[in-house]
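A quick write-up on the structure given underneath.
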There are 4 protein chains.
Amino acid sequence: MVKIGIIGAGKIGKLHTENICYNVPKAEVAAIADPFMTDEIISWANGLGITQCYKDYKKILEDPEIEAVMICSSTNTHAPISIEAIKASKHVFCEKPVDLELEKILEVISAMEGKNLKYQVGFNRRFDHNFKSIRTAVESGKIGDPHILKITSRDPAAPPIEYVKVSGGLFLDMTIHDFDMARYLVNSDVTEIFVQADVLINEEIGKAGDVDTALISMKMENGTLAVIDNSRRAVYGYDQRAEVFGSKGMIATSNDLPSTAVFSGEDGVTGEKPLYFFLERYMNSFKEEINEFVNSIINDTPVPVSVHDGLKSVMIGLAAKKSYKEGRPVKISEIISNEVI
Amino acid sequence: MVKIGIIGAGKIGKLHTENICYNVPKAEVAAIADPFMTDEIISWANGLGITQCYKDYKKILEDPEIEAVMICSSTNTHAPISIEAIKASKHVFCEKPVDLELEKILEVISAMEGKNLKYQVGFNRRFDHNFKSIRTAVESGKIGDPHILKITSRDPAAPPIEYVKVSGGLFLDMTIHDFDMARYLVNSDVTEIFVQADVLINEEIGKAGDVDTALISMKMENGTLAVIDNSRRAVYGYDQRAEVFGSKGMIATSNDLPSTAVFSGEDGVTGEKPLYFFLERYMNSFKEEINEFVNSIINDTPVPVSVHDGLKSVMIGLAAKKSYKEGRPVKISEIISNEVI
Amino acid sequence: MVKIGIIGAGKIGKLHTENICYNVPKAEVAAIADPFMTDEIISWANGLGITQCYKDYKKILEDPEIEAVMICSSTNTHAPISIEAIKASKHVFCEKPVDLELEKILEVISAMEGKNLKYQVGFNRRFDHNFKSIRTAVESGKIGDPHILKITSRDPAAPPIEYVKVSGGLFLDMTIHDFDMARYLVNSDVTEIFVQADVLINEEIGKAGDVDTALISMKMENGTLAVIDNSRRAVYGYDQRAEVFGSKGMIATSNDLPSTAVFSGEDGVTGEKPLYFFLERYMNSFKEEINEFVNSIINDTPVPVSVHDGLKSVMIGLAAKKSYKEGRPVKISEIISNEVI
Amino acid sequence: MVKIGIIGAGKIGKLHTENICYNVPKAEVAAIADPFMTDEIISWANGLGITQCYKDYKKILEDPEIEAVMICSSTNTHAPISIEAIKASKHVFCEKPVDLELEKILEVISAMEGKNLKYQVGFNRRFDHNFKSIRTAVESGKIGDPHILKITSRDPAAPPIEYVKVSGGLFLDMTIHDFDMARYLVNSDVTEIFVQADVLINEEIGKAGDVDTALISMKMENGTLAVIDNSRRAVYGYDQRAEVFGSKGMIATSNDLPSTAVFSGEDGVTGEKPLYFFLERYMNSFKEEINEFVNSIINDTPVPVSVHDGLKSVMIGLAAKKSYKEGRPVKISEIISNEVI
C-alpha cells in the first residue's frame, strides 16, 4: 500500500481523496493538509478513515511513512510545494498547470534531476475511455498517417469573473487540457500555433483581459494540421469531442451521455444532453490517473504524464497568448530556446 | 417504349402516372381512365402530355397499342379488372391487395394460366433502399441463419372512420405490407401466426369492428421467429423499421429523415422526425417498382412481386384475423388447403 | 453502518461483497460464508478487511451484530435459507429467482408475515440508468398511455450445457429478468403470455430439454402489448434494449458501449460492440441495488424489489413454459389462483 | 415554359440537361452546344427530345426563343461567354467559378448593369437539405448569435494531376464551395483568413504547385470564428459536414448515407459509408438550383446565388492562396479595394 498525503482539500483534493479511498486498491490516504482546515473537512476525512488532518502541509512532507503527495492547492503554490516535496523525497502528483511561468516549471525539472522519484501531472483526460480509443487507433496504425486533428472543447458555463481574473486566461486555464490532448492523440509535438479569439459570451470576461471563444490552428511535428475550438459556455452542456483523420480513415468520438434513452415525440427525436461537466464526464479518468501513478511508484515505471508534458502544454499556452496578442502565427520555439528543454 | 394505361386516377394512380412520365425512361402513359373523370384530372393529364382520358377503363383494354395496365381503382374492382385485362392480353400491375377474398385472387391466378403475361402486385416497400439492404445481407449469408425478425410499422395518423369500415381491417389494409415484408426479408413463408390486438387509439375504430394496435408473432418456414408491431398513430410520424438477427450477426434499419440536422440546446439533443408518411418515405420505391415492372415486360423476365406473393399476404392477413378472433395461434394451412395453391 | 453477512462466495457473492466494501458507504461486510470456503477466498476476504469467513452460513445467522444477509448461494437453497434468516430476524437480499417453485416462494412470503423485516430480490436491471430513464418517462406521463413494449435481451454466449440442465430453463433463468423488466417499465402486471421458441443455436440445449431462442408476446393489465425476444448467443455481444411506445410518443434505449469511438474506413463506419456481458453492462446497477436495500433498512422504507416481485416473475416464467409446451396463449391466472396471492 | 440553351455538354452540362428534362417542370432545353459535338451527344440529346445540337454556342445566343443559357463550358470561357450572353439579353446560369481572376468577374458585373437579367452562379450546395436546415436554424434565431462555424469537406479521391494543374488550386477549385457555404450558413462575409496546408496525400500534387490537405481559419463580419478542413482523399468517401455553434445551442449535420442499415457482427457495429461523391450526395441540390433559377426568371425575383456571391468566393480563395504563400493571416480587403465592389 502506497501511503499518500493530500495537499489542498478543495474540490479536486477531496475528489482525489475519495477516489483513493474507494477506487485505488493499492494506495491509502495517510494525511490531508489545508491551510483552511475546518471541522467539516476533518469530519469528512474521519468518515473516510483519515485521522491525520493538518493545516501545514510540511507535516506531510516530514512524515517518513508517506511516500507520495498529491498537490491540489492553488496554482501559484504548485511549483514551490513540488520542489519542497521532491527535496523531502516524495513522489509527486501535481494538478495542472504546474505553473503559469516556464521558469518555475524548469526549476521543478531541475529539482527532479538525479532523484529516483515519480512526478505526474494531472492531465486526467488522457485516461478517458473515448480519447484512449483514439490514441490506440492512431498508435496501431489503423488510421494511417494522421493528417487532420479536430478537438472540440466547450464548457457548460463560464467560471466566476473572480476566477477568470486569476486563471491565467482561457489558453492556460482551459485550452491547456486540449493542448495536452492534441499532443497525446497524435503522439507528436506542436510546432506552430495561430489563434483567433473573441469575447462573445460575457463582456466582463473581456474587461478582465480574457477571451471566451477561440479557434486555434496548430501544426504538429508529424505533419498533422490540428484545430481546437473552445467556448466558455455551451448551453447544451460540456462538449468534449475529438476526431483524427488520416491516410487510412478517421476515428472520432462523441459526448458521453447520462443514458442512451431517446424520446420520439411530436417535436422531434430527442436524446440526452452530454454529462454535465468535468466531474461527471471524466469521473473514471480521475480514478485511472491515480491508479497509474501508484503503479508507476510500485513498479518503478515511467509515469504516463510527465513534468515535461506539463511544461509543453504551458509553452503552447504561452504561444497561444502571443499569437492572439500579435495576430500572427507563432512558433513554439519562439517561447523558449530548444537548448533549455 | 412500353405504353401503359392507368386505371383509376386517385392519389396512387396519379402518383404512378407522374412517376412514369418523369422517372421511367422506358415507358409512357398512353391513356388514363377513371369513372369520375373531371376537367381537373384532364387538365393535369394534358399537362403531362397525356391526351387520352376516359371514363370507361374498357377503352384502355381495347386499345391495341397499350401493352400494360396499372390497376389503381378501388380494391373490390382489382380482381375483376385484372381478369378482363388478362383476357385482353395486357400485362398487369395491380395495387395491393389483389382482393380481400382468396377465391377472387385464385380466379386471377387461373386467368393467368397459359398466358405469357406479367402480373405484378404493388408491394412497393420491397424496393426501398433500407429493406433491400437487409434482404441483400440475408441472402448473402452475412448474418448467417436468420433467427429473429422484427418489423415495426406505425402510421402517423389513423385513416378516417369511413375508410376504416371498408378497408378490410388493420391486418388486410395495413399489416399486409408487413406480412409481405416479413416474407421478403428472410426469403421464407409464414407457417403460423398469433395476434394480440386492441383498440387503444380511437374507440370509433373499435365500433367499426377493427383494431388500431397489434402485436403479431409468426413462425417462418426456415425457423425464423418473427414479430410485427403496428399502430395506427405514432405522434412522431411514420415509423418503419426492421431488424433481422441471425447466427452471424444482426442487420437493422432505422427511419429515413428529412435531413441529418441535429440541434443541441438547453432541452436536449434533437433530430428530425421520420419522413411524414408513405408518399414521402417510399417515394423512390414507387419509381423503382414500375421500372422493374417495365423491365420484366421488355426482357420477358419474372416480375419481382408476383400474384402468388399477393395471394400469400392475404392468406396471412386472413389467418391474423382468425387468430385475433379466436385468441389462439393459427396455422396458415388452416386458411386454404395446400392443394389449391 | 449496516453490518451484512454474505452467504455464498461464488461470482455474484464476491461481486456484492466488493461493491459493499467500495461503493456502499453505509454498510460493511461483517462475515462471509460458503460451504466450499477455500484459502483463496479467505485471502481475498482478508484483503477487503473481512476477517470472519465461515463454511456454515448458520454462524452468520447466529451473529447478533449482523442485521442483514445477502443470499448468493445456489438457487435451490434460496428459499430455505431465506426462511431461516427471517426467523433469525435478519433483513434479506436474495438473488433471483427466489425459487423455481411457487410453493417455496409462498413459504418465504408466509415467513415474512408479521415481521418488520426487509426482503429484496436481486433484479438489478431495474437500477440501470437506461431502463430507469424509460420508467421515469412512463411514470411522468411523457409518453402518454403505453401501447407497445419491446424488450430485446440476448446473451453473448450460451452457458455450459451442465448449467443449462439445472438452470430451470431459458424462461426461468434468463427471461425472468425480462419479465420483471416488462412489469417495471410500464408499471403493470402481465395477464397473458404466448411463446414461440426453438433450438436454433446449439442442439445440445435442445437435448437438455431447453430452447435457446424465443419470442414472447404478453398482454399487460394496463392494456400494453409487450414482446420480448431472447437469444442465448448474439455474436456481437450482450444486446439489452427496450422501447415503450405510447399515445404521446416513444422512448427507447440502445446498448451501452465501451467508448463512443467510431472508425470510418474503406469498409464502412464502425462503432464498438456493446459492453460484453452483465458484469460489465450492469456494473453500476449492482452497486445501486445494494445501496437502496441498505437505505430501506436504515430508513425503514419499502424495498424497491419485493418478494412479490420475485413471485410474479416466476409465475410468468411458469406460464411461459406452459405456453411453449401447449402451443397456446396462457393466462397468468392459470398458474396460481388469485386467492393464494 | 422557359426555353434554355445549354453551353457545354460535358459531365455537368449533361447533368443539368437531364435534370431540366425530368425535374424542372417549368423549363425545357431548346438547344445544346459543344465545340466537340459528337454523334453520341446528338443521340443522347435526341433521346431527351432535344433536336438542336450545335458546335457553336453563338447559335444559341442568336436564337430569340431561348431566354436563358447555362454555361457549363471550361472555366476560362465562363466570363467571356457570360458577357456575350448578357449582351444577347439572355439570363445566365454560370457554373462556378465565374473566373479565376477578379477582373474578369468584375467585367461580367459591369455587363449586367442596367440589364434586367438574372445571373445565377452554380453553388448547388446551398440547396442541399442538410445545409438548408442549418441556415434556417441560424436565420430563425434558434441557435442565437453564431460563435463558431465548422465545415468539413473532404473528397473521396484526388483528381488527376492534369486536372490539378489547371484547376486554379485547392482553394479556388475545391474550397471555393466551402467559402460560399461559410457565407451562406451564417449569412455573413469573411473578413480575415489564415491557412495551414500541406501535401500529405500525393507528392505529385505538390510538384504541380498545389496542396492536398488544408485547415483554414476565418473571421466573419458578424463575429463568428470559422474553420474549414479539406482533404483531397478520404478513404471512407465524400465527407460533407457542417456545424454552427451559437449562444443558444448548436446545429450540426452529418453525412447522407445510401441506407440506414447497420450490421452488428463479431467485428463491431458497422453502418454505410457516405454517398460516394458530389453527383450522388448533391443530386437533389442540382435539381433545386435550376428550379429556383427558372422561378427567378418567371417571377422576376432575385436569384438565390448572385454574381456577387461568385465574386466573393473567388476573393476569399485568392486571400487563402496569399495566406498560405505568406504564412500569415490575410484580410479579404487586401485582395480588392472596397470601392471596386
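Order determines the names: the first chain of the C-alpha cells is A, the second B, and so forth; residues in each chain are numbered 1 upward, and ligands are numbered 1 upward as they are shown.
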Ser296 (chain A): which residues within 12 Å, counting only C-alpha atoms, same-chain residues fewer than 6 positions away excluded, as a PyMOL selection string? chain A and resi 2+26+68+91-93+116-120+289-290+302-306
Export of prior selection with C-alpha atoms as a tab-separated table (two decimals), in the first residue's frame:
chain	number	residue	atom	x	y	z
A	2	VAL	CA	1.40	3.35	-1.08
A	26	LYS	CA	-3.02	-0.24	-3.78
A	68	ALA	CA	3.83	10.35	-2.24
A	91	HIS	CA	6.79	11.16	-5.30
A	92	VAL	CA	4.57	13.96	-6.60
A	93	PHE	CA	1.27	14.05	-8.39
A	116	ASN	CA	14.62	8.48	-8.44
A	117	LEU	CA	11.18	9.97	-7.94
A	118	LYS	CA	7.96	9.97	-9.95
A	119	TYR	CA	6.34	13.25	-10.96
A	120	GLN	CA	2.98	13.07	-12.67
A	289	GLU	CA	-4.78	8.53	-13.39
A	290	ILE	CA	-4.12	7.85	-9.70
A	302	PRO	CA	7.66	5.87	-16.11
A	303	VAL	CA	4.64	8.00	-15.22
A	304	PRO	CA	2.07	8.34	-18.03
A	305	VAL	CA	2.10	12.17	-17.89
A	306	SER	CA	5.47	13.66	-17.08
Identify, on the basis of only C-alpha atoms, every residue whose closest approach to Gly13 (chain A) does not exceed 12 Å; exclude the query and any residue fewer than 3 positions from it along the same chain; express the result as a ChimeraX atom specification. /A:5-10,16-20,29,31-34,41,45,69-74,93-95,122,286
Keeping C-alpha atoms, export the residues of the selection given above as a short mmCIF file (atom, residue, chain, number, x, y, z; two decimals), in the first residue's frame.
data_model
loop_
_atom_site.label_atom_id
_atom_site.label_comp_id
_atom_site.auth_asym_id
_atom_site.auth_seq_id
_atom_site.Cartn_x
_atom_site.Cartn_y
_atom_site.Cartn_z
CA GLY A 5 -0.60 12.74 1.61
CA ILE A 6 -3.10 15.14 0.09
CA ILE A 7 -2.12 18.81 -0.03
CA GLY A 8 -5.15 21.00 -0.53
CA ALA A 9 -8.68 19.98 0.48
CA GLY A 10 -10.62 21.91 -2.13
CA HIS A 16 -8.77 12.56 -5.34
CA THR A 17 -9.02 11.61 -1.66
CA GLU A 18 -12.32 9.81 -2.13
CA ASN A 19 -11.08 8.11 -5.26
CA ILE A 20 -8.02 6.78 -3.44
CA VAL A 29 -4.58 8.42 2.18
CA ALA A 31 -2.91 12.51 5.84
CA ILE A 32 -4.50 15.61 4.44
CA ALA A 33 -3.43 19.22 4.76
CA ASP A 34 -5.12 22.51 4.06
CA ILE A 41 -13.18 18.80 6.44
CA ALA A 45 -11.80 12.94 6.44
CA VAL A 69 1.91 13.62 -2.23
CA MET A 70 -0.86 14.95 -4.37
CA ILE A 71 -0.60 18.71 -4.81
CA CYS A 72 -4.12 20.10 -5.13
CA SER A 73 -3.50 23.57 -3.73
CA SER A 74 -3.81 26.83 -5.65
CA PHE A 93 1.27 14.05 -8.39
CA CYS A 94 0.68 17.71 -9.27
CA GLU A 95 -2.52 19.22 -10.58
CA GLY A 122 -2.92 15.88 -13.65
CA PHE A 286 -9.64 10.74 -12.29
#
Long-range neighbours of Met250 (chain B) as a list of chain:residue names, 9 Å cut-off, only C-alpha atoms, 3 positions minimum in chain: B:Lys142, B:Ile143, B:Pro146, B:Glu243, B:Val244, B:Phe245, B:Gly246, B:Ser247, C:Ala234, C:Val235, C:Tyr236, D:Val262, D:Phe263, D:Ser264, D:Gly265
Chain B residues within 10 Å of chain C, counting only C-alpha atoms: which ones, as a ChimeraX atom specification? /B:143,145-150,192-201,213-219,223-231,233-237,245-250,327-330
Long-range neighbours of Asn284 (chain C) as JSON, numbers by chain, 9 Å cut-off, only C-alpha atoms, 5 positions minimum in chain: {"C": [127, 128, 129, 289]}
Selected residues written out with N, CA and C atoms, as a compact mmCIF listing (two decimals), in the first residue's frame:
# COMPACT_ATOMS: atom_id res chain seq x y z
N PHE C 127 -32.16 -1.02 -11.76
CA PHE C 127 -31.36 0.11 -11.30
C PHE C 127 -30.43 0.62 -12.39
N ASP C 128 -30.60 0.09 -13.58
CA ASP C 128 -29.78 0.52 -14.71
C ASP C 128 -30.22 1.90 -15.19
N HIS C 129 -29.25 2.75 -15.54
CA HIS C 129 -29.56 4.13 -15.96
C HIS C 129 -30.50 4.19 -17.16
N GLU C 289 -28.41 -1.32 -6.38
CA GLU C 289 -29.45 -2.12 -5.71
C GLU C 289 -29.13 -2.34 -4.24
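Atom pair CA of Ile251 (chain B) / CA of Glu292 (chain B) has a distance of 25.3 Å (rounded to one decimal).
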Could you give me, as a PyMOL selection string, the residues within 12 Å of Gly317 (chain A), counting only C-alpha atoms and dropping anything in the same chain fewer than 2 positions from it? chain A and resi 97+99-102+168-180+190+192-195+216+218+310-315+319-324+330-332+335
From the DSSP assignment of the backbone, select every residue of region 65-216 of chain A that is strand (DSSP E), and format the answer as a PyMOL selection string. chain A and resi 68-71+91-94+119-121+146-154+190-198+213-216
Would you output that residue set with N, CA and C atoms, as an mmCIF file, in the first residue's frame?
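Saved to again_9.cif:
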data_model
loop_
_atom_site.group_PDB
_atom_site.id
_atom_site.type_symbol
_atom_site.label_atom_id
_atom_site.label_comp_id
_atom_site.auth_asym_id
_atom_site.auth_seq_id
_atom_site.Cartn_x
_atom_site.Cartn_y
_atom_site.Cartn_z
ATOM 1 N N ALA A 68 4.214 9.513 -1.104
ATOM 2 C CA ALA A 68 3.829 10.353 -2.242
ATOM 3 C C ALA A 68 2.857 11.430 -1.794
ATOM 4 N N VAL A 69 2.886 12.554 -2.511
ATOM 5 C CA VAL A 69 1.913 13.625 -2.226
ATOM 6 C C VAL A 69 1.140 13.968 -3.498
ATOM 7 N N MET A 70 -0.086 14.418 -3.259
ATOM 8 C CA MET A 70 -0.863 14.953 -4.374
ATOM 9 C C MET A 70 -1.049 16.432 -4.102
ATOM 10 N N ILE A 71 -0.546 17.261 -5.022
ATOM 11 C CA ILE A 71 -0.604 18.711 -4.810
ATOM 12 C C ILE A 71 -1.854 19.268 -5.489
ATOM 13 N N HIS A 91 7.346 11.152 -3.948
ATOM 14 C CA HIS A 91 6.787 11.156 -5.295
ATOM 15 C C HIS A 91 5.691 12.214 -5.353
ATOM 16 N N VAL A 92 5.530 12.846 -6.505
ATOM 17 C CA VAL A 92 4.574 13.958 -6.603
ATOM 18 C C VAL A 92 3.568 13.726 -7.732
ATOM 19 N N PHE A 93 2.317 13.917 -7.384
ATOM 20 C CA PHE A 93 1.268 14.049 -8.389
ATOM 21 C C PHE A 93 0.820 15.494 -8.273
ATOM 22 N N CYS A 94 0.982 16.287 -9.340
ATOM 23 C CA CYS A 94 0.676 17.714 -9.269
ATOM 24 C C CYS A 94 -0.451 18.067 -10.220
ATOM 25 N N TYR A 119 7.039 11.961 -10.960
ATOM 26 C CA TYR A 119 6.340 13.254 -10.957
ATOM 27 C C TYR A 119 5.294 13.213 -12.065
ATOM 28 N N GLN A 120 4.058 13.164 -11.664
ATOM 29 C CA GLN A 120 2.981 13.070 -12.667
ATOM 30 C C GLN A 120 2.131 14.338 -12.640
ATOM 31 N N VAL A 121 1.716 14.799 -13.826
ATOM 32 C CA VAL A 121 0.874 15.994 -13.919
ATOM 33 C C VAL A 121 -0.572 15.560 -14.212
ATOM 34 N N PRO A 146 -1.613 10.433 -39.572
ATOM 35 C CA PRO A 146 -2.617 11.444 -39.227
ATOM 36 C C PRO A 146 -2.432 12.714 -40.075
ATOM 37 N N HIS A 147 -3.510 13.221 -40.627
ATOM 38 C CA HIS A 147 -3.471 14.445 -41.434
ATOM 39 C C HIS A 147 -4.166 15.613 -40.743
ATOM 40 N N ILE A 148 -5.329 15.336 -40.174
ATOM 41 C CA ILE A 148 -6.123 16.410 -39.569
ATOM 42 C C ILE A 148 -6.592 15.954 -38.191
ATOM 43 N N LEU A 149 -6.464 16.842 -37.220
ATOM 44 C CA LEU A 149 -6.932 16.571 -35.861
ATOM 45 C C LEU A 149 -7.882 17.677 -35.454
ATOM 46 N N LYS A 150 -9.046 17.302 -34.954
ATOM 47 C CA LYS A 150 -10.006 18.308 -34.503
ATOM 48 C C LYS A 150 -10.439 18.023 -33.071
ATOM 49 N N ILE A 151 -10.323 19.022 -32.228
ATOM 50 C CA ILE A 151 -10.763 18.891 -30.831
ATOM 51 C C ILE A 151 -11.816 19.966 -30.558
ATOM 52 N N THR A 152 -12.960 19.538 -30.086
ATOM 53 C CA THR A 152 -13.987 20.484 -29.629
ATOM 54 C C THR A 152 -14.027 20.412 -28.120
ATOM 55 N N SER A 153 -13.902 21.554 -27.471
ATOM 56 C CA SER A 153 -13.853 21.578 -26.007
ATOM 57 C C SER A 153 -14.589 22.817 -25.532
ATOM 58 N N ARG A 154 -15.795 22.594 -25.057
ATOM 59 C CA ARG A 154 -16.644 23.723 -24.644
ATOM 60 C C ARG A 154 -17.213 23.439 -23.265
ATOM 61 N N VAL A 190 3.526 20.092 -30.861
ATOM 62 C CA VAL A 190 3.057 21.249 -31.618
ATOM 63 C C VAL A 190 4.264 22.083 -32.030
ATOM 64 N N THR A 191 4.285 22.556 -33.291
ATOM 65 C CA THR A 191 5.407 23.403 -33.717
ATOM 66 C C THR A 191 4.982 24.854 -33.948
ATOM 67 N N GLU A 192 3.728 25.047 -34.365
ATOM 68 C CA GLU A 192 3.273 26.410 -34.675
ATOM 69 C C GLU A 192 1.815 26.538 -34.291
ATOM 70 N N ILE A 193 1.418 27.729 -33.903
ATOM 71 C CA ILE A 193 0.048 27.931 -33.453
ATOM 72 C C ILE A 193 -0.470 29.283 -33.964
ATOM 73 N N PHE A 194 -1.761 29.297 -34.324
ATOM 74 C CA PHE A 194 -2.402 30.561 -34.703
ATOM 75 C C PHE A 194 -3.779 30.609 -34.049
ATOM 76 N N VAL A 195 -4.060 31.747 -33.432
ATOM 77 C CA VAL A 195 -5.273 31.869 -32.629
ATOM 78 C C VAL A 195 -6.185 32.970 -33.155
ATOM 79 N N GLN A 196 -7.454 32.637 -33.308
ATOM 80 C CA GLN A 196 -8.479 33.666 -33.463
ATOM 81 C C GLN A 196 -9.399 33.532 -32.268
ATOM 82 N N ALA A 197 -9.638 34.637 -31.576
ATOM 83 C CA ALA A 197 -10.432 34.535 -30.357
ATOM 84 C C ALA A 197 -11.186 35.833 -30.133
ATOM 85 N N ASP A 198 -12.206 35.736 -29.299
ATOM 86 C CA ASP A 198 -13.027 36.921 -29.094
ATOM 87 C C ASP A 198 -13.825 36.779 -27.797
ATOM 88 N N THR A 213 -14.173 32.729 -26.340
ATOM 89 C CA THR A 213 -14.400 31.876 -27.509
ATOM 90 C C THR A 213 -13.111 31.885 -28.321
ATOM 91 N N ALA A 214 -12.678 30.724 -28.773
ATOM 92 C CA ALA A 214 -11.405 30.682 -29.501
ATOM 93 C C ALA A 214 -11.386 29.572 -30.533
ATOM 94 N N LEU A 215 -10.639 29.855 -31.590
ATOM 95 C CA LEU A 215 -10.393 28.872 -32.639
ATOM 96 C C LEU A 215 -8.884 28.845 -32.834
ATOM 97 N N ILE A 216 -8.297 27.696 -32.638
ATOM 98 C CA ILE A 216 -6.850 27.600 -32.551
ATOM 99 C C ILE A 216 -6.340 26.592 -33.575
#
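Taking CA of His78 (chain B) and CA of Lys96 (chain B) as endpoints, the distance between them is 8.6 Å.
Around Trp44 (chain C), within 12 Å and counting only C-alpha atoms, the residues found are Ala9, Lys14, Leu15, Thr17, Glu18, Ile32, Met37, Thr38, Asp39, Glu40, Ile41, Gly47, Leu48, Gly49, Ile50, Thr51, Gln52 and Cys53 of chain C, once anything fewer than 3 positions away on its own chain is removed.
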What residues in region 39-280 of chain C get the DSSP label alpha helix (DSSP H)? Please answer as a PyMOL selection string. chain C and resi 39-47+58-62+75-87+102-112+129-139+161-166+170-173+175-186+203-207+278-280
Can you list, as an MDAnalysis selection string, every protein, DNA or RNA residue that comes within 8 Å of Asn255 (chain B) when you count only C-alpha atoms, leaving out same-chain residues fewer than 3 positions away? (chainID B and resid 239:241 274:275) or (chainID D and resid 260)
